[in-house]
Amino acid sequence: MPQNRIVTFTTDFGLTDHYAGTMKGVVLSVAPNAQLVDISHSVPAFNVFAGSLILGQAYPYFPAGTVHVAVVDPGVGSARRPILVAAAGQFFLGPDNGLFSQVYEREESFIVRHITAEQFFLHPVSQTFHGRDIFARVAGYLASGRDAHEFGSSIEDYVRIAVTAAESLTDGTIRGKTLAVDHFGSLITNIRSADLAHLAARGETWIRIGGRVVGGLRSNYAEANGGEVFGIIGSSGYLEISANRASAAEILGVGGGAEVILGVNTANG
């Protein structure tokens with residue numbers, strides 16, 4: 001088995017404390033040749049869904065064999081299970097709290113295992129830092145070539161957070177909602193590019209969010225004036241409400257969970 005697998009990290013730990021660096025040390029103590037990559041340590045604190053989105057946008061661009069450690073874990077120390085997911089030729093380690101929901105959504109087949117093989121843990125296991133004592137340690141063993149089945153049996157009752165699909169309404173508009181806010185203040189919605197295909201042929205689009213109508217769809221940021229709020233299909237295939245050189249979330253005063261309506265101005269008004 002390969003001895004230099006990539007190990008990634010997605011957490012809400014931030015970078016001002018030792019947590020992220022400590023997990024890397026644990027991985028390297030088991031797999032000194034592992035290649036370590038930070039996806040993000042800036043997931044909003046305790047926001048499992050936001051962590052799921054960030055990881056879901058990143059993992060398809062990593063090669064087979066990559067080990068992803070994801071820790072957004074408000075239930076650490078409770079009865080929630082540590083799990084190992086095998087999907088897309090990659091491995092995902094973290095709490096069973098819905099953090100891997102985007103992986104479940106994207107992949108047709110996957111195996112979820114309850115990690116129970118305590119001989120692979122770092123002892124004593126802390127009640128507050130399973131990222132170090134369980135997930136990073138198991139990641140090191142996976143990166144050094146151990147097989148996934150060694151860590152526990154498969155389960156079917158894993159936690160999954162469903163993303164509500166956007167709705168096509170009888171008046172021809174589309175209703176969705178914002179899911180998260182990124183670093184630039186763009187509002188990521190649950191409206192996919194495929195949901196918008198029929199709108200473009202009918203007329204000029206408009207978007208209503210936060211009680212106001214903003215600009216329509218743009219193909220790039222340069223098409224909008226500075227500070228103008230508009231819609232754009234982001235790199236992950238979802239509609240994003242953005243602003244040119246500004247934060248759309250701040251301008252609109254909204255965050256996750258806001259209603260978004262898209263419609264068109266037809267030739268007849």
# chains A, B, ... in the order shown; residues from 1 in each chain; ligands from 1
>>> select_by_dssp(residues="range 3-97 of chain A", states="alpha helix (DSSP H)", output="PyMOL selection string")
chain A and resi 19-30+48-58
>>> closest_atom_pairs(of="range 41-127 of chain A", to="range 20-28 of chain A", cutoff="12 Å", atoms="only C-alpha atoms", output="tab-separated table")
residue	atom	partner	partner_atom	distance
A:His41	CA	A:Ala20	CA	7.5
A:Ser42	CA	A:Ala20	CA	10.9
A:Val67	CA	A:Val27	CA	10.8
A:His68	CA	A:Val27	CA	11.6
A:Val69	CA	A:Met23	CA	9.3
A:Ala70	CA	A:Ala20	CA	11.0
A:Val71	CA	A:Ala20	CA	10.1
A:Phe120	CA	A:Val26	CA	11.7
A:Phe121	CA	A:Val26	CA	10.4
A:Leu122	CA	A:Val26	CA	8.6
A:His123	CA	A:Val26	CA	12.0
>>> write_last_selection(atoms="N, CA, C and O atoms", output="PDB file, in the first residue's frame")
ATOM      1  N   HIS A  41      -9.778  25.625   8.202  1.00  0.00           N
ATOM      2  CA  HIS A  41      -9.949  25.588   9.648  1.00  0.00           C
ATOM      3  C   HIS A  41     -10.845  26.738  10.095  1.00  0.00           C
ATOM      4  O   HIS A  41     -10.866  27.093  11.277  1.00  0.00           O
ATOM      5  N   SER A  42     -11.580  27.304   9.143  1.00  0.00           N
ATOM      6  CA  SER A  42     -12.430  28.459   9.415  1.00  0.00           C
ATOM      7  C   SER A  42     -13.903  28.160   9.219  1.00  0.00           C
ATOM      8  O   SER A  42     -14.701  29.061   8.947  1.00  0.00           O
ATOM      9  N   VAL A  67      -7.050  10.780   2.392  1.00  0.00           N
ATOM     10  CA  VAL A  67      -7.722  10.616   3.678  1.00  0.00           C
ATOM     11  C   VAL A  67      -8.141  12.007   4.164  1.00  0.00           C
ATOM     12  O   VAL A  67      -7.299  12.887   4.327  1.00  0.00           O
ATOM     13  N   HIS A  68      -9.437  12.200   4.374  1.00  0.00           N
ATOM     14  CA  HIS A  68      -9.960  13.491   4.816  1.00  0.00           C
ATOM     15  C   HIS A  68     -10.346  13.419   6.292  1.00  0.00           C
ATOM     16  O   HIS A  68     -11.191  12.599   6.672  1.00  0.00           O
ATOM     17  N   VAL A  69      -9.746  14.263   7.106  1.00  0.00           N
ATOM     18  CA  VAL A  69     -10.122  14.388   8.509  1.00  0.00           C
ATOM     19  C   VAL A  69     -11.006  15.623   8.635  1.00  0.00           C
ATOM     20  O   VAL A  69     -10.572  16.737   8.310  1.00  0.00           O
ATOM     21  N   ALA A  70     -12.230  15.441   9.082  1.00  0.00           N
ATOM     22  CA  ALA A  70     -13.178  16.560   9.220  1.00  0.00           C
ATOM     23  C   ALA A  70     -13.706  16.567  10.652  1.00  0.00           C
ATOM     24  O   ALA A  70     -14.258  15.563  11.113  1.00  0.00           O
ATOM     25  N   VAL A  71     -13.509  17.678  11.329  1.00  0.00           N
ATOM     26  CA  VAL A  71     -13.927  17.767  12.727  1.00  0.00           C
ATOM     27  C   VAL A  71     -14.672  19.076  12.959  1.00  0.00           C
ATOM     28  O   VAL A  71     -14.063  20.134  13.108  1.00  0.00           O
ATOM     29  N   PHE A 120      -6.148   1.514  17.807  1.00  0.00           N
ATOM     30  CA  PHE A 120      -5.597   2.524  16.920  1.00  0.00           C
ATOM     31  C   PHE A 120      -5.712   3.935  17.496  1.00  0.00           C
ATOM     32  O   PHE A 120      -5.240   4.892  16.880  1.00  0.00           O
ATOM     33  N   PHE A 121      -6.369   4.086  18.644  1.00  0.00           N
ATOM     34  CA  PHE A 121      -6.567   5.411  19.236  1.00  0.00           C
ATOM     35  C   PHE A 121      -5.327   5.849  20.002  1.00  0.00           C
ATOM     36  O   PHE A 121      -4.482   5.035  20.386  1.00  0.00           O
ATOM     37  N   LEU A 122      -5.242   7.140  20.262  1.00  0.00           N
ATOM     38  CA  LEU A 122      -4.217   7.696  21.134  1.00  0.00           C
ATOM     39  C   LEU A 122      -4.790   7.728  22.550  1.00  0.00           C
ATOM     40  O   LEU A 122      -5.809   8.380  22.796  1.00  0.00           O
ATOM     41  N   HIS A 123      -4.154   7.028  23.464  1.00  0.00           N
ATOM     42  CA  HIS A 123      -4.686   6.891  24.830  1.00  0.00           C
ATOM     43  C   HIS A 123      -3.873   7.720  25.820  1.00  0.00           C
ATOM     44  O   HIS A 123      -2.662   7.862  25.664  1.00  0.00           O
TER      45      HIS A 123
END
>>> atom_distance(atom1="CA of Phe129 in chain A", atom2="CA of Phe110 in chain A")
26.7 Å
>>> closest_residue(among="A:Ile115, A:Ile233, A:Val103, A:Ala34", to="Thr8 in chain A", atoms="only C-alpha atoms")
A:Ala34
>>> atom_distance(atom1="CA of Thr16 in chain A", atom2="CA of Ser40 in chain A")
13.5 Å
>>> residues_around(residues="Val214 in chain A", least_positions_apart="2", cutoff="12 Å", atoms="only C-alpha atoms", output="ChimeraX atom specification")
/A:205-212,216-218,224,227-231,241-243,248,251-252,260-263
>>> closest_atom_pairs(of="range 87-144 of chain A", to="range 154-160 of chain A", cutoff="12 Å", atoms="only C-alpha atoms", output="JSON lines")
{"residue": "A:Gly94", "atom": "CA", "partner": "A:Val159", "partner_atom": "CA", "distance": 11.8}
{"residue": "A:Pro95", "atom": "CA", "partner": "A:Val159", "partner_atom": "CA", "distance": 9.5}
{"residue": "A:Asp96", "atom": "CA", "partner": "A:Val159", "partner_atom": "CA", "distance": 5.9}
{"residue": "A:Asn97", "atom": "CA", "partner": "A:Val159", "partner_atom": "CA", "distance": 5.5}
{"residue": "A:Gly98", "atom": "CA", "partner": "A:Arg160", "partner_atom": "CA", "distance": 4.6}
{"residue": "A:Leu99", "atom": "CA", "partner": "A:Arg160", "partner_atom": "CA", "distance": 7.9}
{"residue": "A:Phe100", "atom": "CA", "partner": "A:Arg160", "partner_atom": "CA", "distance": 7.5}
{"residue": "A:Ser101", "atom": "CA", "partner": "A:Arg160", "partner_atom": "CA", "distance": 5.2}
{"residue": "A:Gln102", "atom": "CA", "partner": "A:Arg160", "partner_atom": "CA", "distance": 8.8}
{"residue": "A:Val103", "atom": "CA", "partner": "A:Arg160", "partner_atom": "CA", "distance": 9.9}
{"residue": "A:Tyr104", "atom": "CA", "partner": "A:Arg160", "partner_atom": "CA", "distance": 7.8}
{"residue": "A:Glu105", "atom": "CA", "partner": "A:Arg160", "partner_atom": "CA", "distance": 9.1}
{"residue": "A:Phe110", "atom": "CA", "partner": "A:Ser154", "partner_atom": "CA", "distance": 10.3}
{"residue": "A:Ile111", "atom": "CA", "partner": "A:Ser154", "partner_atom": "CA", "distance": 6.6}
{"residue": "A:Val112", "atom": "CA", "partner": "A:Ser154", "partner_atom": "CA", "distance": 5.4}
{"residue": "A:Arg113", "atom": "CA", "partner": "A:Ser154", "partner_atom": "CA", "distance": 4.0}
{"residue": "A:His114", "atom": "CA", "partner": "A:Ser154", "partner_atom": "CA", "distance": 6.3}
{"residue": "A:Ile115", "atom": "CA", "partner": "A:Ser154", "partner_atom": "CA", "distance": 9.0}
{"residue": "A:Thr116", "atom": "CA", "partner": "A:Ser154", "partner_atom": "CA", "distance": 10.7}
>>> write_last_selection(atoms="N, CA and C atoms", output="tab-separated table (two decimals), in the first residue's frame")
chain	number	residue	atom	x	y	z
A	94	GLY	N	-14.48	11.33	10.81
A	94	GLY	CA	-15.07	12.40	11.61
A	94	GLY	C	-16.24	11.88	12.41
A	95	PRO	N	-16.96	12.78	13.06
A	95	PRO	CA	-18.11	12.39	13.87
A	95	PRO	C	-19.33	12.06	13.02
A	96	ASP	N	-20.17	11.18	13.53
A	96	ASP	CA	-21.41	10.81	12.84
A	96	ASP	C	-22.50	11.81	13.22
A	97	ASN	N	-22.39	13.02	12.64
A	97	ASN	CA	-23.36	14.07	12.96
A	97	ASN	C	-23.89	14.77	11.70
A	98	GLY	N	-23.67	14.16	10.54
A	98	GLY	CA	-24.12	14.75	9.28
A	98	GLY	C	-23.03	15.48	8.54
A	99	LEU	N	-21.81	15.47	9.06
A	99	LEU	CA	-20.71	16.21	8.46
A	99	LEU	C	-20.36	15.71	7.06
A	100	PHE	N	-20.67	14.45	6.76
A	100	PHE	CA	-20.36	13.90	5.45
A	100	PHE	C	-21.58	13.81	4.54
A	101	SER	N	-22.60	14.61	4.83
A	101	SER	CA	-23.85	14.55	4.07
A	101	SER	C	-23.64	14.87	2.59
A	102	GLN	N	-22.75	15.80	2.27
A	102	GLN	CA	-22.51	16.14	0.87
A	102	GLN	C	-21.82	14.99	0.13
A	103	VAL	N	-21.02	14.22	0.84
A	103	VAL	CA	-20.42	13.02	0.24
A	103	VAL	C	-21.52	12.01	-0.07
A	104	TYR	N	-22.42	11.79	0.89
A	104	TYR	CA	-23.53	10.86	0.66
A	104	TYR	C	-24.41	11.33	-0.50
A	105	GLU	N	-24.58	12.64	-0.63
A	105	GLU	CA	-25.42	13.20	-1.68
A	105	GLU	C	-24.81	13.01	-3.06
A	110	PHE	N	-21.13	4.07	-1.26
A	110	PHE	CA	-20.16	4.37	-0.22
A	110	PHE	C	-20.39	3.40	0.93
A	111	ILE	N	-19.39	3.27	1.78
A	111	ILE	CA	-19.49	2.42	2.97
A	111	ILE	C	-19.17	3.27	4.19
A	112	VAL	N	-20.04	3.20	5.19
A	112	VAL	CA	-19.83	3.92	6.44
A	112	VAL	C	-19.51	2.91	7.53
A	113	ARG	N	-18.42	3.13	8.24
A	113	ARG	CA	-18.01	2.22	9.32
A	113	ARG	C	-17.98	2.96	10.66
A	114	HIS	N	-18.45	2.30	11.69
A	114	HIS	CA	-18.32	2.80	13.05
A	114	HIS	C	-16.92	2.44	13.54
A	115	ILE	N	-16.11	3.42	13.88
A	115	ILE	CA	-14.75	3.16	14.32
A	115	ILE	C	-14.79	2.67	15.77
A	116	THR	N	-14.44	1.40	15.94
A	116	THR	CA	-14.48	0.79	17.28
A	116	THR	C	-13.15	0.16	17.68
>>> decode(residues="range 99-114 of chain A", atoms="N, CA and C atoms", output="mmCIF file, in the first residue's frame")
data_model
loop_
_atom_site.group_PDB
_atom_site.id
_atom_site.type_symbol
_atom_site.label_atom_id
_atom_site.label_comp_id
_atom_site.auth_asym_id
_atom_site.auth_seq_id
_atom_site.Cartn_x
_atom_site.Cartn_y
_atom_site.Cartn_z
ATOM 1 N N LEU A 99 -21.810 15.471 9.062
ATOM 2 C CA LEU A 99 -20.710 16.211 8.460
ATOM 3 C C LEU A 99 -20.363 15.711 7.056
ATOM 4 N N PHE A 100 -20.674 14.454 6.759
ATOM 5 C CA PHE A 100 -20.355 13.898 5.447
ATOM 6 C C PHE A 100 -21.585 13.811 4.540
ATOM 7 N N SER A 101 -22.596 14.608 4.833
ATOM 8 C CA SER A 101 -23.848 14.550 4.065
ATOM 9 C C SER A 101 -23.642 14.868 2.588
ATOM 10 N N GLN A 102 -22.751 15.802 2.269
ATOM 11 C CA GLN A 102 -22.511 16.136 0.874
ATOM 12 C C GLN A 102 -21.824 14.992 0.134
ATOM 13 N N VAL A 103 -21.022 14.216 0.839
ATOM 14 C CA VAL A 103 -20.425 13.019 0.238
ATOM 15 C C VAL A 103 -21.516 12.014 -0.074
ATOM 16 N N TYR A 104 -22.422 11.794 0.888
ATOM 17 C CA TYR A 104 -23.531 10.863 0.660
ATOM 18 C C TYR A 104 -24.408 11.325 -0.499
ATOM 19 N N GLU A 105 -24.580 12.639 -0.627
ATOM 20 C CA GLU A 105 -25.419 13.203 -1.676
ATOM 21 C C GLU A 105 -24.806 13.007 -3.057
ATOM 22 N N ARG A 106 -23.508 13.186 -3.146
ATOM 23 C CA ARG A 106 -22.820 13.168 -4.441
ATOM 24 C C ARG A 106 -22.525 11.756 -4.955
ATOM 25 N N GLU A 107 -22.245 10.844 -4.048
ATOM 26 C CA GLU A 107 -21.744 9.528 -4.449
ATOM 27 C C GLU A 107 -22.861 8.488 -4.491
ATOM 28 N N GLU A 108 -22.842 7.656 -5.529
ATOM 29 C CA GLU A 108 -23.853 6.613 -5.670
ATOM 30 C C GLU A 108 -23.619 5.458 -4.701
ATOM 31 N N SER A 109 -22.372 5.200 -4.388
ATOM 32 C CA SER A 109 -22.069 4.094 -3.474
ATOM 33 C C SER A 109 -20.997 4.530 -2.483
ATOM 34 N N PHE A 110 -21.126 4.067 -1.263
ATOM 35 C CA PHE A 110 -20.162 4.367 -0.217
ATOM 36 C C PHE A 110 -20.393 3.397 0.934
ATOM 37 N N ILE A 111 -19.394 3.272 1.780
ATOM 38 C CA ILE A 111 -19.488 2.418 2.972
ATOM 39 C C ILE A 111 -19.167 3.273 4.187
ATOM 40 N N VAL A 112 -20.035 3.196 5.189
ATOM 41 C CA VAL A 112 -19.831 3.923 6.437
ATOM 42 C C VAL A 112 -19.511 2.909 7.529
ATOM 43 N N ARG A 113 -18.417 3.128 8.245
ATOM 44 C CA ARG A 113 -18.013 2.223 9.321
ATOM 45 C C ARG A 113 -17.982 2.964 10.659
ATOM 46 N N HIS A 114 -18.452 2.299 11.687
ATOM 47 C CA HIS A 114 -18.321 2.800 13.052
ATOM 48 C C HIS A 114 -16.923 2.435 13.535
#
